[in-house]
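*Asks:* My structure is stored as final-v4.csv, with CSV, C-alpha atoms.
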chain,number,residue,atom,x,y,z
A,206,MET,CA,2.3,10.9,34.8
A,207,PRO,CA,-0.9,8.8,35.0
A,208,THR,CA,-3.8,10.7,36.5
A,209,ASP,CA,-5.3,8.0,38.8
A,210,LEU,CA,-3.6,7.0,42.0
A,211,PRO,CA,-3.3,3.2,41.6
A,212,THR,CA,-1.7,3.6,38.1
A,213,THR,CA,0.6,6.3,39.4
A,214,ILE,CA,1.8,4.1,42.3
A,215,GLY,CA,2.3,1.2,39.9
A,216,PHE,CA,4.2,3.4,37.5
A,217,LEU,CA,6.5,4.7,40.2
A,218,ALA,CA,7.0,1.2,41.6
A,219,ALA,CA,8.0,-0.1,38.1
A,220,ILE,CA,10.4,2.8,37.6
A,221,ALA,CA,12.0,1.9,41.0
A,222,LEU,CA,12.3,-1.8,40.2
A,223,VAL,CA,13.9,-1.1,36.8
A,224,ALA,CA,16.4,1.3,38.5
A,225,ALA,CA,17.2,-1.4,41.1
A,226,VAL,CA,17.8,-4.1,38.6
A,227,TYR,CA,19.8,-2.0,36.2
A,228,SER,CA,22.0,-0.3,38.8
A,229,SER,CA,22.8,-3.8,40.2
A,230,VAL,CA,24.7,-4.4,37.0
A,231,GLY,CA,26.1,-0.8,36.6
A,232,GLN,CA,23.5,0.6,34.2
A,233,GLY,CA,21.4,3.7,34.3
A,234,GLY,CA,18.1,2.1,33.1
A,235,GLY,CA,17.1,4.3,30.2
A,236,SER,CA,15.8,1.5,28.1
A,237,GLY,CA,13.9,0.1,31.0
A,238,TYR,CA,12.2,3.5,31.7
A,239,LEU,CA,11.3,3.7,28.1
A,240,ALA,CA,9.8,0.2,28.2
A,241,VAL,CA,7.6,1.1,31.2
A,242,MET,CA,6.5,4.4,29.5
A,243,GLY,CA,6.0,2.5,26.2
A,244,VAL,CA,3.6,0.0,27.9
A,245,LEU,CA,1.6,2.9,29.3
A,246,GLY,CA,1.4,4.6,25.9
A,247,VAL,CA,3.3,7.8,27.0
A,248,GLU,CA,3.8,10.3,24.2
A,249,SER,CA,7.3,10.6,22.6
A,250,LEU,CA,7.7,14.2,23.6
A,251,VAL,CA,7.5,13.0,27.2
A,252,MET,CA,9.4,9.7,27.0
A,253,LYS,CA,12.8,11.0,25.8
A,254,PRO,CA,13.3,13.9,28.3
A,255,ALA,CA,11.9,11.8,31.2
A,256,ALA,CA,14.2,8.8,30.5
A,257,LEU,CA,17.2,11.1,30.1
A,258,SER,CA,16.5,13.1,33.3
A,259,ILE,CA,16.2,9.9,35.3
A,260,ASN,CA,19.3,8.6,33.7
A,261,VAL,CA,21.4,11.5,35.0
A,262,PHE,CA,20.6,11.0,38.6
A,263,VAL,CA,20.8,7.2,38.6
A,264,ALA,CA,24.0,7.1,36.6
A,265,MET,CA,25.5,9.7,38.9
A,266,LEU,CA,24.8,7.5,42.0
A,267,VAL,CA,26.0,4.3,40.3
A,268,LEU,CA,29.2,6.0,39.0
A,269,PHE,CA,30.0,7.5,42.4
A,270,ARG,CA,29.9,4.1,44.0
A,271,LEU,CA,32.0,2.5,41.3
A,272,ILE,CA,34.6,5.2,41.5
A,273,ARG,CA,34.8,4.8,45.2
A,274,ALA,CA,35.4,1.1,44.7
A,275,GLY,CA,38.2,1.9,42.2
A,276,TYR,CA,36.7,0.6,39.0
A,277,PHE,CA,36.6,3.7,36.9
A,278,ARG,CA,39.4,3.9,34.2
A,279,TRP,CA,39.7,7.3,32.5
A,280,GLU,CA,41.7,5.8,29.6
A,281,ILE,CA,38.8,3.6,28.7
A,282,PHE,CA,36.1,6.3,29.0
A,283,TRP,CA,37.5,9.4,27.3
A,284,PRO,CA,37.7,8.2,23.7
A,285,PHE,CA,34.0,7.2,23.7
A,286,ALA,CA,33.0,10.4,25.5
A,287,LEU,CA,35.0,12.7,23.1
A,288,THR,CA,32.7,11.9,20.1
A,289,SER,CA,29.6,10.7,21.9
A,290,ILE,CA,28.9,14.0,23.7
A,291,PRO,CA,28.4,16.2,20.6
A,292,ALA,CA,26.6,13.3,18.9
A,293,SER,CA,24.2,13.0,21.9
A,294,PHE,CA,23.6,16.7,21.8
A,295,LEU,CA,22.6,16.5,18.1
A,296,GLY,CA,20.4,13.4,18.9
A,297,GLY,CA,18.7,15.2,21.8
A,298,ALA,CA,17.9,18.2,19.6
A,299,TRP,CA,16.6,16.0,16.8
A,300,HIS,CA,12.9,15.4,17.2
A,301,LEU,CA,11.6,12.4,15.5
A,302,GLU,CA,7.9,12.2,14.7
A,303,GLN,CA,6.0,10.0,17.1
A,304,PRO,CA,5.5,7.0,14.8
A,305,VAL,CA,9.2,7.1,13.8
A,306,TYR,CA,10.2,7.5,17.4
A,307,TYR,CA,8.1,4.6,18.5
A,308,GLN,CA,9.7,2.4,15.8
A,309,ALA,CA,13.2,3.5,16.7
A,310,VAL,CA,12.6,2.9,20.5
A,311,GLY,CA,11.0,-0.5,19.7
A,312,VAL,CA,14.1,-1.7,17.9
A,313,VAL,CA,16.4,-0.3,20.7
A,314,LEU,CA,14.3,-2.1,23.3
A,315,ILE,CA,14.5,-5.4,21.6
A,316,VAL,CA,18.2,-5.2,21.1
A,317,SER,CA,18.6,-4.0,24.7
A,318,ALA,CA,16.6,-7.1,25.8
A,319,LEU,CA,18.9,-9.4,24.0
A,320,LEU,CA,22.0,-7.7,25.4
A,321,PHE,CA,20.6,-7.5,28.9
A,322,VAL,CA,19.8,-11.2,29.0
A,323,TRP,CA,23.0,-12.2,27.2
A,324,ARG,CA,25.3,-10.1,29.5
A,325,ALA,CA,28.8,-10.5,28.0
A,326,ARG,CA,31.2,-12.4,30.3
A,327,GLU,CA,34.6,-11.4,31.6
A,328,PRO,CA,37.2,-11.5,28.8
A,329,GLN,CA,39.8,-14.2,29.3
A,330,ALA,CA,42.6,-11.8,28.1
A,331,LEU,CA,42.6,-8.0,27.8
A,332,ARG,CA,43.5,-6.2,24.6
A,333,PRO,CA,44.7,-2.6,24.2
A,334,LEU,CA,42.0,-0.2,23.3
A,335,ARG,CA,42.0,0.9,19.7
A,336,LEU,CA,41.4,4.7,19.4
A,337,LEU,CA,39.7,5.0,16.0
A,338,PRO,CA,37.1,2.2,16.6
A,339,ALA,CA,36.4,3.7,20.1
A,340,LEU,CA,35.8,7.2,18.6
A,341,LEU,CA,33.5,5.9,15.9
A,342,LEU,CA,31.6,3.7,18.3
A,343,GLY,CA,31.2,6.6,20.7
A,344,ALA,CA,29.7,8.8,18.0
A,345,LEU,CA,27.3,6.1,16.9
A,346,LEU,CA,26.2,5.2,20.5
A,347,GLY,CA,25.9,8.9,21.5
A,348,LEU,CA,23.6,9.6,18.5
A,349,ILE,CA,21.4,6.6,19.3
A,350,GLY,CA,21.3,7.5,23.0
A,351,GLY,CA,20.4,11.1,22.3
A,352,LEU,CA,17.7,10.3,19.7
A,353,THR,CA,15.9,7.7,21.8
A,354,GLY,CA,16.7,8.7,25.4
A,355,ILE,CA,18.5,5.5,26.5
A,356,GLY,CA,21.9,7.1,27.2
A,357,GLY,CA,23.8,4.3,25.4
A,358,GLY,CA,25.4,2.4,28.3
A,359,ILE,CA,23.4,-0.7,27.6
A,360,PHE,CA,25.3,-1.0,24.3
A,361,LEU,CA,28.7,0.2,25.5
A,362,SER,CA,29.3,-2.2,28.4
A,363,PRO,CA,28.9,-5.5,26.3
A,364,LEU,CA,31.0,-4.0,23.5
A,365,LEU,CA,33.8,-3.3,25.9
A,366,LEU,CA,33.7,-6.8,27.1
A,367,LEU,CA,33.3,-8.4,23.7
A,368,LEU,CA,36.3,-6.4,22.4
A,369,GLY,CA,38.3,-7.3,25.5
A,370,TRP,CA,39.2,-3.7,26.4
A,371,CYS,CA,38.4,-4.0,30.1
A,372,ARG,CA,37.0,-6.2,32.9
A,373,LEU,CA,33.3,-6.5,33.9
A,374,ARG,CA,33.2,-3.9,36.7
A,375,GLU,CA,35.4,-1.5,34.8
A,376,SER,CA,32.9,-1.7,31.9
A,377,ALA,CA,30.1,-1.0,34.3
A,378,ALA,CA,31.9,2.1,35.5
A,379,ALA,CA,32.7,3.3,32.0
A,380,ALA,CA,29.0,2.7,31.0
A,381,ALA,CA,27.7,4.7,34.0
A,382,ALA,CA,30.0,7.6,33.1
A,383,PHE,CA,29.0,7.3,29.5
A,384,ILE,CA,25.3,7.4,30.4
A,385,LEU,CA,25.8,10.4,32.7
A,386,VAL,CA,27.6,12.7,30.2
A,387,ASN,CA,25.5,11.7,27.2
A,388,SER,CA,22.2,12.1,29.0
A,389,LEU,CA,23.3,15.6,30.1
A,390,ALA,CA,24.4,16.4,26.5
A,391,ALA,CA,21.1,15.0,25.0
A,392,LEU,CA,19.1,17.0,27.5
A,393,ALA,CA,21.0,20.2,26.6
A,394,GLY,CA,20.2,19.4,22.9
A,395,TYR,CA,16.6,18.7,23.7
A,396,ALA,CA,16.2,22.0,25.6
A,397,SER,CA,17.8,24.0,22.8
A,398,ASN,CA,15.1,22.8,20.4
A,399,LEU,CA,12.0,22.0,22.5
A,400,ASP,CA,10.6,23.1,25.9
A,401,THR,CA,8.1,20.4,26.6
A,402,TRP,CA,9.0,18.7,29.9
A,403,PRO,CA,7.1,15.9,31.6
A,404,GLY,CA,5.0,16.5,34.7
A,405,GLY,CA,5.8,14.7,37.9
A,406,LEU,CA,9.5,14.4,37.0
A,407,PRO,CA,10.7,14.9,40.6
A,408,LEU,CA,8.6,11.9,41.7
A,409,LEU,CA,10.0,9.7,38.9
A,410,ILE,CA,13.6,10.7,39.8
A,411,ALA,CA,12.9,10.0,43.5
A,412,ALA,CA,11.5,6.6,42.7
A,413,ALA,CA,14.4,5.7,40.5
A,414,LEU,CA,17.0,6.9,43.1
A,415,ALA,CA,15.3,4.8,45.8
A,416,GLY,CA,15.5,1.7,43.5
A,417,SER,CA,19.1,2.4,42.4
A,418,ALA,CA,20.3,3.0,45.9
A,419,LEU,CA,19.0,-0.5,46.8
A,420,GLY,CA,20.3,-2.1,43.6
A,421,SER,CA,23.8,-0.6,43.7
A,422,GLU,CA,24.2,-1.1,47.5
A,423,ILE,CA,23.3,-4.7,47.9
A,424,GLY,CA,23.2,-6.0,44.4
A,425,LEU,CA,19.7,-7.4,44.9
A,426,ARG,CA,21.1,-10.2,47.2
A,427,ARG,CA,17.6,-11.0,48.5
A,428,ALA,CA,16.5,-12.2,45.0
A,429,PRO,CA,18.3,-14.1,42.3
A,430,VAL,CA,19.7,-11.4,40.0
A,431,SER,CA,19.8,-13.8,37.0
A,432,VAL,CA,16.0,-14.3,37.3
A,433,LEU,CA,15.3,-10.6,37.6
A,434,ILE,CA,17.5,-9.9,34.6
A,435,ARG,CA,15.6,-12.4,32.5
A,436,VAL,CA,12.2,-11.1,33.6
A,437,LEU,CA,13.3,-7.5,32.8
A,438,GLY,CA,14.7,-8.7,29.4
A,439,LEU,CA,11.3,-10.2,28.7
A,440,VAL,CA,9.6,-6.9,29.6
A,441,LEU,CA,11.9,-5.0,27.3
A,442,ALA,CA,11.2,-7.4,24.4
A,443,ILE,CA,7.4,-7.2,24.9
A,444,ALA,CA,7.5,-3.4,25.2
A,445,GLY,CA,9.7,-3.2,22.1
A,446,VAL,CA,7.3,-5.4,20.0
A,447,ARG,CA,4.4,-3.3,21.3
A,448,MET,CA,6.0,-0.1,20.2
A,449,LEU,CA,6.8,-1.5,16.8
A,450,LEU,CA,3.1,-2.5,16.4
A,451,VAL,CA,1.8,1.0,17.4
A,452,PRO,CA,0.0,2.4,14.3
Would it be possible to restate this file's structure as structure tokens?
*Replies:*
Amino acid sequence: MPTDLPTTIGFLAAIALVAAVYSSVGQGGGSGYLAVMGVLGVESLVMKPAALSINVFVAMLVLFRLIRAGYFRWEIFWPFALTSIPASFLGGAWHLEQPVYYQAVGVVLIVSALLFVWRAREPQALRPLRLLPALLLGALLGLIGGLTGIGGGIFLSPLLLLLGWCRLRESAAAAAAFILVNSLAALAGYASNLDTWPGGLPLLIAAALAGSALGSEIGLRRAPVSVLIRVLGLVLAIAGVRMLLVP
């Protein structure tokens, strides 16, 4: 956490805004939290557990509301979860040196920005889920999510739509569940190897929950969601480039 009050307030407000925008489209916000922390120059040992911890609570809230609305489909979720959970645990336990971590997060943020702005559309026709590709994708996304702290939902949702395996809101529910279980697994892996935890974590979680409650409840009806998404995509891209340029 920043030490001076104005920066702290701005930091918490940015976390809340990221959570609101992400939750409005069924995401946990891991890449957004990493972007905010990257802009502030937060150390890698703090970034990953902080983003994963916030992910858990925000994804839980988003998933709860999507389940209540009837959008969660177990048959879409479980193949990805089966391989992603152990992979996330390994990724969480694997500590990258700070320069390598910054480079990895920089790439993830830029790709996330492209995906977030692109936002795959509703498939015209659904196809049956193919088990082997789902298992392989789950392992890959779980490892990336655990290594960096993003959770992986930002990649899973557009892939589901691109492959035509479910509808838009069903992909959001699957992504929220994916983020939740993999963030928990990555945190367990992290805790098994390191015991450095960020200060002020309850405040970060509270700010994110406040933002996600707003985003998931009203879908940001008071502001054009498309504009906010593009602004956030730009922030992700800038933060990604910044982290790639850190010496």
*Asks:* Counting all atoms listed in the file, which residues come within 9 Å of (8.8, 3.0, 14.9), with the point read in the file's coordinates, and could you list them as a list in words?
*Replies:*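 Applying the cut-off with all atoms listed in the file, one gets Gln303, Pro304, Val305, Tyr306, Tyr307, Gln308, Ala309, Val310, Gly311, Val312, Met448, Leu449, Leu450, Val451 and Pro452 of chain A.
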*Asks:* Which polymer residues have any atom within 6 Å of an atom of range 354-367 of chain A, counting all atoms listed in the file, with same-chain residues fewer than 6 positions away left out, as a VMD selection string?
*Replies:* chain A and resid 235 to 236 253 256 to 257 325 346 376 380 384 387 to 388
*Asks:* Given the choices A:Gly350, A:Pro211, A:Pro338, A:Gly233, which gets closest to Gly297 in chain A if the distance is worked out from all atoms listed in the file?
*Replies:* A:Gly350
*Asks:* Skip range 391-403 of chain A itself and residues of its chain fewer than 2 positions away, then list as a list in words all residues within 7 Å of it, counting only C-alpha atoms.
*Replies:* Leu250, Val251, Pro254, Ala255, Leu257, Ser293, Phe294, Leu295, Gly296, Gly297, Ala298, Gly351, Asn387, Ser388, Leu389, Gly405 and Leu406 of chain A
*Asks:* Quick one: everything within 12 Å of Gln232 in chain A, counting only C-alpha atoms, minus sequence neighbours fewer than 5 positions away in the same chain. Send it as a PyMOL selection string.
*Replies:* chain A and resi 223-227+237-238+259-268+271+317+321+324+355-363+374+376-385+417+420-421
*Asks:* Around the point (31.5, 10.8, 19.3) (coordinates from the file), which residues reach within 9 Å if we count only C-alpha atoms? Answer as an MDAnalysis selection string.
*Replies:* chainID A and resid 284:293 339:348
*Asks:* In Å to one decimal, how far is CA of Gly231 in chain A from CA of Arg332 in chain A?
*Replies:* 21.8 Å
*Asks:* Starting from the incomplete input, reconstruct N, CA and C atoms of range 321-342 of chain A and write that as a PDB file, in the frame of the given file.
*Replies:*
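Generated output (selection-v9.pdb):
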ATOM      1  N   PHE A 321      20.796  -7.438  27.438  1.00  0.00           N
ATOM      2  CA  PHE A 321      20.600  -7.500  28.900  1.00  0.00           C
ATOM      3  C   PHE A 321      20.584  -8.946  29.370  1.00  0.00           C
ATOM      4  N   VAL A 322      19.895  -9.797  28.613  1.00  0.00           N
ATOM      5  CA  VAL A 322      19.800 -11.200  29.000  1.00  0.00           C
ATOM      6  C   VAL A 322      21.119 -11.922  28.711  1.00  0.00           C
ATOM      7  N   TRP A 323      21.756 -11.569  27.587  1.00  0.00           N
ATOM      8  CA  TRP A 323      23.000 -12.200  27.200  1.00  0.00           C
ATOM      9  C   TRP A 323      24.116 -11.862  28.210  1.00  0.00           C
ATOM     10  N   ARG A 324      24.268 -10.586  28.544  1.00  0.00           N
ATOM     11  CA  ARG A 324      25.300 -10.100  29.500  1.00  0.00           C
ATOM     12  C   ARG A 324      26.652 -10.713  29.230  1.00  0.00           C
ATOM     13  N   ALA A 325      27.428  -9.990  28.430  1.00  0.00           N
ATOM     14  CA  ALA A 325      28.800 -10.500  28.000  1.00  0.00           C
ATOM     15  C   ALA A 325      29.595 -10.819  29.263  1.00  0.00           C
ATOM     16  N   ARG A 326      30.394 -11.859  29.118  1.00  0.00           N
ATOM     17  CA  ARG A 326      31.200 -12.400  30.300  1.00  0.00           C
ATOM     18  C   ARG A 326      32.544 -11.683  30.323  1.00  0.00           C
ATOM     19  N   GLU A 327      33.211 -11.910  31.432  1.00  0.00           N
ATOM     20  CA  GLU A 327      34.600 -11.400  31.600  1.00  0.00           C
ATOM     21  C   GLU A 327      35.487 -11.909  30.543  1.00  0.00           C
ATOM     22  N   PRO A 328      36.235 -11.010  29.873  1.00  0.00           N
ATOM     23  CA  PRO A 328      37.200 -11.500  28.800  1.00  0.00           C
ATOM     24  C   PRO A 328      38.311 -12.287  29.448  1.00  0.00           C
ATOM     25  N   GLN A 329      38.727 -13.325  28.745  1.00  0.00           N
ATOM     26  CA  GLN A 329      39.800 -14.200  29.300  1.00  0.00           C
ATOM     27  C   GLN A 329      41.153 -13.426  29.197  1.00  0.00           C
ATOM     28  N   ALA A 330      41.333 -12.579  28.186  1.00  0.00           N
ATOM     29  CA  ALA A 330      42.600 -11.800  28.100  1.00  0.00           C
ATOM     30  C   ALA A 330      42.235 -10.409  27.580  1.00  0.00           C
ATOM     31  N   LEU A 331      42.873  -9.406  28.171  1.00  0.00           N
ATOM     32  CA  LEU A 331      42.600  -8.000  27.800  1.00  0.00           C
ATOM     33  C   LEU A 331      43.442  -7.641  26.559  1.00  0.00           C
ATOM     34  N   ARG A 332      42.857  -6.765  25.741  1.00  0.00           N
ATOM     35  CA  ARG A 332      43.500  -6.200  24.600  1.00  0.00           C
ATOM     36  C   ARG A 332      43.651  -4.723  24.719  1.00  0.00           C
ATOM     37  N   PRO A 333      44.636  -4.094  24.103  1.00  0.00           N
ATOM     38  CA  PRO A 333      44.700  -2.600  24.200  1.00  0.00           C
ATOM     39  C   PRO A 333      43.585  -1.977  23.414  1.00  0.00           C
ATOM     40  N   LEU A 334      43.062  -0.904  23.969  1.00  0.00           N
ATOM     41  CA  LEU A 334      42.000  -0.200  23.300  1.00  0.00           C
ATOM     42  C   LEU A 334      42.476   0.441  22.022  1.00  0.00           C
ATOM     43  N   ARG A 335      41.671   0.334  20.971  1.00  0.00           N
ATOM     44  CA  ARG A 335      42.000   0.900  19.700  1.00  0.00           C
ATOM     45  C   ARG A 335      41.248   2.228  19.541  1.00  0.00           C
ATOM     46  N   LEU A 336      41.985   3.317  19.317  1.00  0.00           N
ATOM     47  CA  LEU A 336      41.400   4.700  19.400  1.00  0.00           C
ATOM     48  C   LEU A 336      40.344   4.916  18.333  1.00  0.00           C
ATOM     49  N   LEU A 337      40.643   4.639  17.069  1.00  0.00           N
ATOM     50  CA  LEU A 337      39.700   5.000  16.000  1.00  0.00           C
ATOM     51  C   LEU A 337      38.370   4.247  16.158  1.00  0.00           C
ATOM     52  N   PRO A 338      38.362   2.915  16.373  1.00  0.00           N
ATOM     53  CA  PRO A 338      37.100   2.200  16.600  1.00  0.00           C
ATOM     54  C   PRO A 338      36.311   2.804  17.800  1.00  0.00           C
ATOM     55  N   ALA A 339      37.058   3.158  18.865  1.00  0.00           N
ATOM     56  CA  ALA A 339      36.400   3.700  20.100  1.00  0.00           C
ATOM     57  C   ALA A 339      35.738   5.048  19.733  1.00  0.00           C
ATOM     58  N   LEU A 340      36.409   5.886  18.968  1.00  0.00           N
ATOM     59  CA  LEU A 340      35.800   7.200  18.600  1.00  0.00           C
ATOM     60  C   LEU A 340      34.597   7.014  17.729  1.00  0.00           C
ATOM     61  N   LEU A 341      34.658   6.086  16.781  1.00  0.00           N
ATOM     62  CA  LEU A 341      33.500   5.900  15.900  1.00  0.00           C
ATOM     63  C   LEU A 341      32.333   5.253  16.662  1.00  0.00           C
ATOM     64  N   LEU A 342      32.617   4.288  17.528  1.00  0.00           N
ATOM     65  CA  LEU A 342      31.600   3.700  18.300  1.00  0.00           C
ATOM     66  C   LEU A 342      30.929   4.723  19.270  1.00  0.00           C
TER      67      LEU A 342
END
